[in-house]
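Colleague: Before I ask anything, here is the structure I am working with.
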Amino acid sequence: MNKLEKIKLVKNQLAIEWKCDSNVFSEDNNVFIESNHCFFKMITFGKNVVIKANPLIYNWCIEHFKEVPACDIMDGENLFAIETKLREFGKKLAGEHVRYLHLNNINTINKPHNYEYKLFNEDNIKDLYINKAFENALNYERDVIALGAYNGTELVALAGADDYMGNLWQIGIDTLPEHRNNGLASYLVNTLAYEIESRGMLPYYTTWSPNIASTTVALNTGFLPIWVEYFAEDI
C-alpha cells in the first residue's frame with residue numbers, strides 16, 4: 001500500500017471505532033459527534049478536528065471550538081480549558097497521543113551483536129507476562145506479536161504489538177536502561193514492523209512529542225506522524 005491507501009485504511013478503522021463516516025476526518029471544518037458511550041475524544045489528521053463528546057459537554061465543545069483550527073485546539077490554553085471542564089465531571093485528559101504510520105522502508109539498520117533474538121506469537125506471547133519492566137511494549141491483554149532481545153537468559157529489550165484497532169497493530173518498545181543507546185530499539189521496531197506487514201497488517205507507533213528518544217526511534221525506522229488524539233479518562 002502507498003501512503004494515501006494506508007491513511008485511508010486508518011480512517012476507515014477509526015470510523016468503525018467512532019461509529020461515524022470516515023469522511024469526517026477529512027472535512028475542512030471541525031466536526032462534533034454526540035455520544036452517550038464516550039465522554040470526550042478528539043482527533044486530527046491536520047486538516048480539521050473531530051470531537052466526540054458526551055451530551056453533558058457536547059454543546060460546550062461546539063461553542064468553544066467550532067471555529068478554532070485543530071492545531072490551536074491542541075495547544076496550551078485550549079487544552080487547559082478542556083482539562084478544567086472535564087474535571088467538573090471527575091475526568092481528565094489522558095495526554096497527547098501522536099500516531100505514526102510505517103511509510104518509509106528502512107533497510108540499513110544494523111543488527112546489534114552480542115544479543116540473541118526471539119519472536120513471540122499469539123501461542124506463546126503470554127510467556128512474556130512474567131516480565132513487568134516492559135509496559136510500553138506489552139499491554140498484558142491484547143498482545144499479538146513481540147520480538148525480544150536477550151543478553152544471555154535476560155530479556156533486555158522488547159518490541160510488541162497489540163490488535164486493539166483490528167488490522168492496525170500498534171507497536172511499543174522498551175529497553176532496559178543499561179542496554180540503551182546501542183541501536184536495539186530501532187532494530188527491534190524496524191524488524192517487527194516488517195514482520196507485521198508480512199502478515200497483511202498495518203503497523204503504527206504511538207508516542208508523545210516531548211519523548212524525544214521514542215520519536216527518534218519512530219523516525220529512524222520509517223514511521224511518520226499522521227494523526228494526533230486526546231481522550232478523557234477517570235481521575
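Labels used: A, B, ... for chains in the order of the C-alpha cells, numbers from 1 for residues in each chain, and numbers from 1 for ligands as shown.
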Which of region 66-211 of chain A end up as strand (DSSP E or B) when DSSP is run on this backbone - answer as JSON, numbers by chain?

Modeller: {"A": [91, 92, 93, 97, 98, 99, 100, 101, 102, 116, 117, 118, 119, 120, 143, 144, 145, 146, 147, 148, 149, 150, 151, 154, 155, 156, 157, 158, 159, 160, 161, 162, 163, 164, 165, 168, 169, 170, 171, 172, 173, 174, 175, 202, 203, 204, 205, 206, 207]}

Colleague: Identify, on the basis of only C-alpha atoms, every residue whose closest approach to region 29-45 of chain A does not exceed 9 Å; exclude the query and any residue fewer than 5 positions from it along the same chain; express the result as a VMD selection string.

Modeller: chain A and resid 18 20 24 50 to 59 61 to 62 65 to 71 86 91 93 226 to 233

Colleague: Include C-alpha atoms and write out the residues we just selected as a PDB file, in the first residue's frame.

Modeller:
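Listed below is the output, out.pdb:
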ATOM      1  CA  TRP A  18     -16.109   6.113  16.395  1.00  0.00           C
ATOM      2  CA  CYS A  20     -19.189   7.622  12.082  1.00  0.00           C
ATOM      3  CA  VAL A  24     -15.424  13.341   8.844  1.00  0.00           C
ATOM      4  CA  VAL A  50     -13.225  15.716  15.142  1.00  0.00           C
ATOM      5  CA  ILE A  51     -14.583  15.841  18.683  1.00  0.00           C
ATOM      6  CA  LYS A  52     -16.763  13.133  20.190  1.00  0.00           C
ATOM      7  CA  ALA A  53     -18.437  14.279  23.389  1.00  0.00           C
ATOM      8  CA  ASN A  54     -20.993  13.289  25.980  1.00  0.00           C
ATOM      9  CA  PRO A  55     -24.265  15.293  25.921  1.00  0.00           C
ATOM     10  CA  LEU A  56     -23.139  16.970  29.168  1.00  0.00           C
ATOM     11  CA  ILE A  57     -20.329  18.792  27.334  1.00  0.00           C
ATOM     12  CA  TYR A  58     -21.332  18.456  23.662  1.00  0.00           C
ATOM     13  CA  ASN A  59     -22.746  21.978  23.276  1.00  0.00           C
ATOM     14  CA  CYS A  61     -17.409  21.868  22.814  1.00  0.00           C
ATOM     15  CA  ILE A  62     -19.244  23.360  19.843  1.00  0.00           C
ATOM     16  CA  PHE A  65     -14.141  25.095  19.331  1.00  0.00           C
ATOM     17  CA  LYS A  66     -16.352  25.306  16.243  1.00  0.00           C
ATOM     18  CA  GLU A  67     -14.142  27.924  14.573  1.00  0.00           C
ATOM     19  CA  VAL A  68     -10.797  27.098  16.204  1.00  0.00           C
ATOM     20  CA  PRO A  69      -8.093  25.486  13.996  1.00  0.00           C
ATOM     21  CA  ALA A  70      -7.173  21.956  15.025  1.00  0.00           C
ATOM     22  CA  CYS A  71      -3.568  22.862  15.866  1.00  0.00           C
ATOM     23  CA  LEU A  86     -13.514  17.602  32.276  1.00  0.00           C
ATOM     24  CA  LYS A  91     -12.472  13.286  34.279  1.00  0.00           C
ATOM     25  CA  LEU A  93      -7.143  14.240  29.705  1.00  0.00           C
ATOM     26  CA  ILE A 226      -0.088  11.085  10.688  1.00  0.00           C
ATOM     27  CA  TRP A 227      -2.677  11.820  13.368  1.00  0.00           C
ATOM     28  CA  VAL A 228      -2.957  13.050  16.956  1.00  0.00           C
ATOM     29  CA  GLU A 229      -5.516  12.068  19.585  1.00  0.00           C
ATOM     30  CA  TYR A 230      -6.578  13.155  23.044  1.00  0.00           C
ATOM     31  CA  PHE A 231      -9.200  11.425  25.159  1.00  0.00           C
ATOM     32  CA  ALA A 232     -10.668  11.645  28.644  1.00  0.00           C
ATOM     33  CA  GLU A 233     -10.285   9.148  31.443  1.00  0.00           C
TER      34      GLU A 233
END

Colleague: Using only C-alpha atoms, I'd like a table of the residues in region 24-106 of chain A that come within 10 Å of region 163-187 of chain A; for each, show the closest atom pair and its distance in Å rounded to one decimal, ordered by chain and ascending number, as a Markdown table.

Modeller:
| residue | atom | partner | partner_atom | distance |
| --- | --- | --- | --- | --- |
| A:Arg99 | CA | A:Gln170 | CA | 9.1 |
| A:Tyr100 | CA | A:Gln170 | CA | 9.4 |
| A:Leu101 | CA | A:Gln170 | CA | 9.5 |

Colleague: For Ile235 (chain A), which residue out of A:Ala94, A:Leu202, A:Ala193, A:Leu147 is the nearest one, using only C-alpha atoms?

Modeller: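 Checking each candidate against Ile235 (chain A), we get A:Ala94 as the closest.
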
Colleague: Applying 10 Å and only C-alpha atoms, which residues near Pro225 (chain A) remain after dropping the ones on its own chain fewer than 5 positions away? List them as a PyMOL selection string.

Modeller: chain A and resi 45+98-103+204-207+215+218-219

Colleague: Which of these residues is nearest to Gly222 (chain A), using only C-alpha atoms: A:Thr108, A:Lys92, A:Asn136, A:Lys47?

Modeller: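 Smallest distance to Gly222 (chain A) is found for A:Thr108.
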
Colleague: Grab the CA of Ile145 (chain A) to CA of Trp208 (chain A) distance for me, in Å with one decimal place.

Modeller: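 One can read the CA of Ile145 (chain A) to CA of Trp208 (chain A) distance as 22.8 Å.
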
Colleague: With distances taken over only C-alpha atoms, which residue among A:Glu154, A:Asn107, A:Leu4, A:Pro203 lies nearest Leu128 (chain A)?

Modeller: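 Distance minimum relative to Leu128 (chain A) lands on A:Glu154.
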
Colleague: May I ask for the distance between CA of His97 (chain A) and CA of Ser214 (chain A), given in Å to one decimal place?

Modeller: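 So the answer is 12.3 Å.
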
Colleague: Have a look at A:Ala149, A:Phe134, A:Ala213, A:Tyr129 and name the one nearest to Glu116 (chain A); count only C-alpha atoms.

Modeller: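 Looking only at the distances to Glu116 (chain A), the closest residue turns out to be A:Ala149.
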
Colleague: Using only C-alpha atoms, which residue out of A:Phe120, A:Lys11, A:Glu88, A:Gly95 lies closest to Asp75 (chain A)?

Modeller: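 Nearest candidate to Asp75 (chain A) out of A:Phe120, A:Lys11, A:Glu88, A:Gly95: A:Gly95.
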
Colleague: Run DSSP on the backbone and give me the residues of region 191-232 of chain A it puts in alpha helix (DSSP H), as a PyMOL selection string.

Modeller: chain A and resi 191-198+212-220

Colleague: Once you have the residues from the selection above, write them out as a CSV table (one decimal), in the first residue's frame, restricted to all heavy atoms.

Modeller:
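Output file out_35.csv follows:
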chain,number,residue,atom,x,y,z
A,191,THR,N,12.4,-4.3,12.6
A,191,THR,CA,12.2,-5.7,12.2
A,191,THR,C,10.7,-6.2,12.5
A,191,THR,O,10.1,-6.9,11.7
A,191,THR,CB,13.1,-6.6,13.0
A,191,THR,OG1,14.5,-6.2,12.8
A,191,THR,CG2,13.0,-8.1,12.6
A,192,LEU,N,10.2,-5.7,13.6
A,192,LEU,CA,8.8,-6.1,13.9
A,192,LEU,C,7.8,-5.5,12.9
A,192,LEU,O,6.8,-6.1,12.6
A,192,LEU,CB,8.4,-5.7,15.3
A,192,LEU,CG,7.1,-6.3,15.9
A,192,LEU,CD1,7.2,-7.8,16.0
A,192,LEU,CD2,6.8,-5.7,17.2
A,193,ALA,N,8.1,-4.2,12.5
A,193,ALA,CA,7.2,-3.6,11.5
A,193,ALA,C,7.1,-4.4,10.2
A,193,ALA,O,6.0,-4.6,9.7
A,193,ALA,CB,7.7,-2.2,11.2
A,194,TYR,N,8.2,-4.9,9.8
A,194,TYR,CA,8.2,-5.7,8.5
A,194,TYR,C,7.5,-7.0,8.8
A,194,TYR,O,6.9,-7.6,7.9
A,194,TYR,CB,9.7,-5.9,8.0
A,194,TYR,CG,10.2,-4.7,7.3
A,194,TYR,CD1,11.3,-4.0,7.9
A,194,TYR,CD2,9.7,-4.3,6.1
A,194,TYR,CE1,11.8,-2.9,7.2
A,194,TYR,CE2,10.2,-3.2,5.4
A,194,TYR,CZ,11.3,-2.5,6.0
A,194,TYR,OH,11.8,-1.4,5.3
A,195,GLU,N,7.7,-7.6,10.0
A,195,GLU,CA,7.0,-8.9,10.3
A,195,GLU,C,5.5,-8.7,10.3
A,195,GLU,O,4.8,-9.5,9.8
A,195,GLU,CB,7.5,-9.4,11.6
A,195,GLU,CG,6.9,-10.7,12.1
A,195,GLU,CD,7.3,-11.9,11.2
A,195,GLU,OE1,8.4,-11.9,10.6
A,195,GLU,OE2,6.4,-12.8,11.1
A,196,ILE,N,5.1,-7.6,10.8
A,196,ILE,CA,3.6,-7.3,10.9
A,196,ILE,C,3.1,-7.1,9.4
A,196,ILE,O,2.0,-7.6,9.1
A,196,ILE,CB,3.3,-6.0,11.7
A,196,ILE,CG1,3.6,-6.3,13.2
A,196,ILE,CG2,1.9,-5.5,11.5
A,196,ILE,CD1,3.6,-5.1,14.1
A,197,GLU,N,3.8,-6.4,8.6
A,197,GLU,CA,3.4,-6.1,7.2
A,197,GLU,C,3.4,-7.5,6.4
A,197,GLU,O,2.5,-7.6,5.6
A,197,GLU,CB,4.3,-5.1,6.6
A,197,GLU,CG,4.1,-3.7,7.1
A,197,GLU,CD,5.0,-2.7,6.5
A,197,GLU,OE1,6.1,-3.1,5.9
A,197,GLU,OE2,4.7,-1.5,6.5
A,198,SER,N,4.3,-8.4,6.8
A,198,SER,CA,4.3,-9.6,6.1
A,198,SER,C,3.1,-10.5,6.4
A,198,SER,O,2.7,-11.4,5.6
A,198,SER,CB,5.6,-10.4,6.4
A,198,SER,OG,5.5,-11.0,7.8
A,212,ILE,N,11.5,12.6,23.2
A,212,ILE,CA,12.4,12.7,22.0
A,212,ILE,C,13.0,11.3,21.7
A,212,ILE,O,13.2,11.0,20.5
A,212,ILE,CB,13.6,13.7,22.3
A,212,ILE,CG1,12.9,15.1,22.7
A,212,ILE,CG2,14.5,13.8,21.2
A,212,ILE,CD1,12.1,15.7,21.7
A,213,ALA,N,13.4,10.5,22.6
A,213,ALA,CA,14.0,9.2,22.4
A,213,ALA,C,13.1,8.4,21.6
A,213,ALA,O,13.5,7.7,20.6
A,213,ALA,CB,14.4,8.6,23.7
A,214,SER,N,11.8,8.3,22.0
A,214,SER,CA,10.8,7.5,21.3
A,214,SER,C,10.5,8.0,19.9
A,214,SER,O,10.4,7.3,18.9
A,214,SER,CB,9.5,7.4,22.1
A,214,SER,OG,8.6,6.6,21.5
A,215,THR,N,10.4,9.4,19.8
A,215,THR,CA,10.2,10.0,18.5
A,215,THR,C,11.3,9.7,17.5
A,215,THR,O,11.1,9.4,16.4
A,215,THR,CB,10.0,11.5,18.7
A,215,THR,OG1,8.9,11.8,19.5
A,215,THR,CG2,9.8,12.2,17.3
A,216,THR,N,12.6,9.7,18.0
A,216,THR,CA,13.7,9.4,17.2
A,216,THR,C,13.7,8.0,16.7
A,216,THR,O,14.0,7.7,15.5
A,216,THR,CB,15.0,9.6,18.0
A,216,THR,OG1,15.1,11.0,18.4
A,216,THR,CG2,16.2,9.3,17.2
A,217,VAL,N,13.3,7.0,17.6
A,217,VAL,CA,13.1,5.6,17.1
A,217,VAL,C,12.1,5.5,16.0
A,217,VAL,O,12.3,4.9,15.0
A,217,VAL,CB,12.7,4.7,18.3
A,217,VAL,CG1,12.3,3.3,17.8
A,217,VAL,CG2,13.9,4.6,19.3
A,218,ALA,N,11.0,6.2,16.2
A,218,ALA,CA,9.9,6.2,15.1
A,218,ALA,C,10.5,6.7,13.8
A,218,ALA,O,10.3,6.0,12.8
A,218,ALA,CB,8.7,7.0,15.6
A,219,LEU,N,11.1,7.8,13.8
A,219,LEU,CA,11.6,8.4,12.6
A,219,LEU,C,12.7,7.6,12.0
A,219,LEU,O,12.8,7.4,10.7
A,219,LEU,CB,12.1,9.9,12.8
A,219,LEU,CG,11.0,10.8,13.3
A,219,LEU,CD1,11.7,12.2,13.6
A,219,LEU,CD2,9.9,11.0,12.3
A,220,ASN,N,13.6,7.0,12.8
A,220,ASN,CA,14.7,6.2,12.3
A,220,ASN,C,14.2,4.9,11.7
A,220,ASN,O,15.0,4.3,10.9
A,220,ASN,CB,15.7,5.9,13.5
A,220,ASN,CG,16.5,7.0,13.9
A,220,ASN,OD1,16.7,8.0,13.1
A,220,ASN,ND2,17.2,6.9,15.0
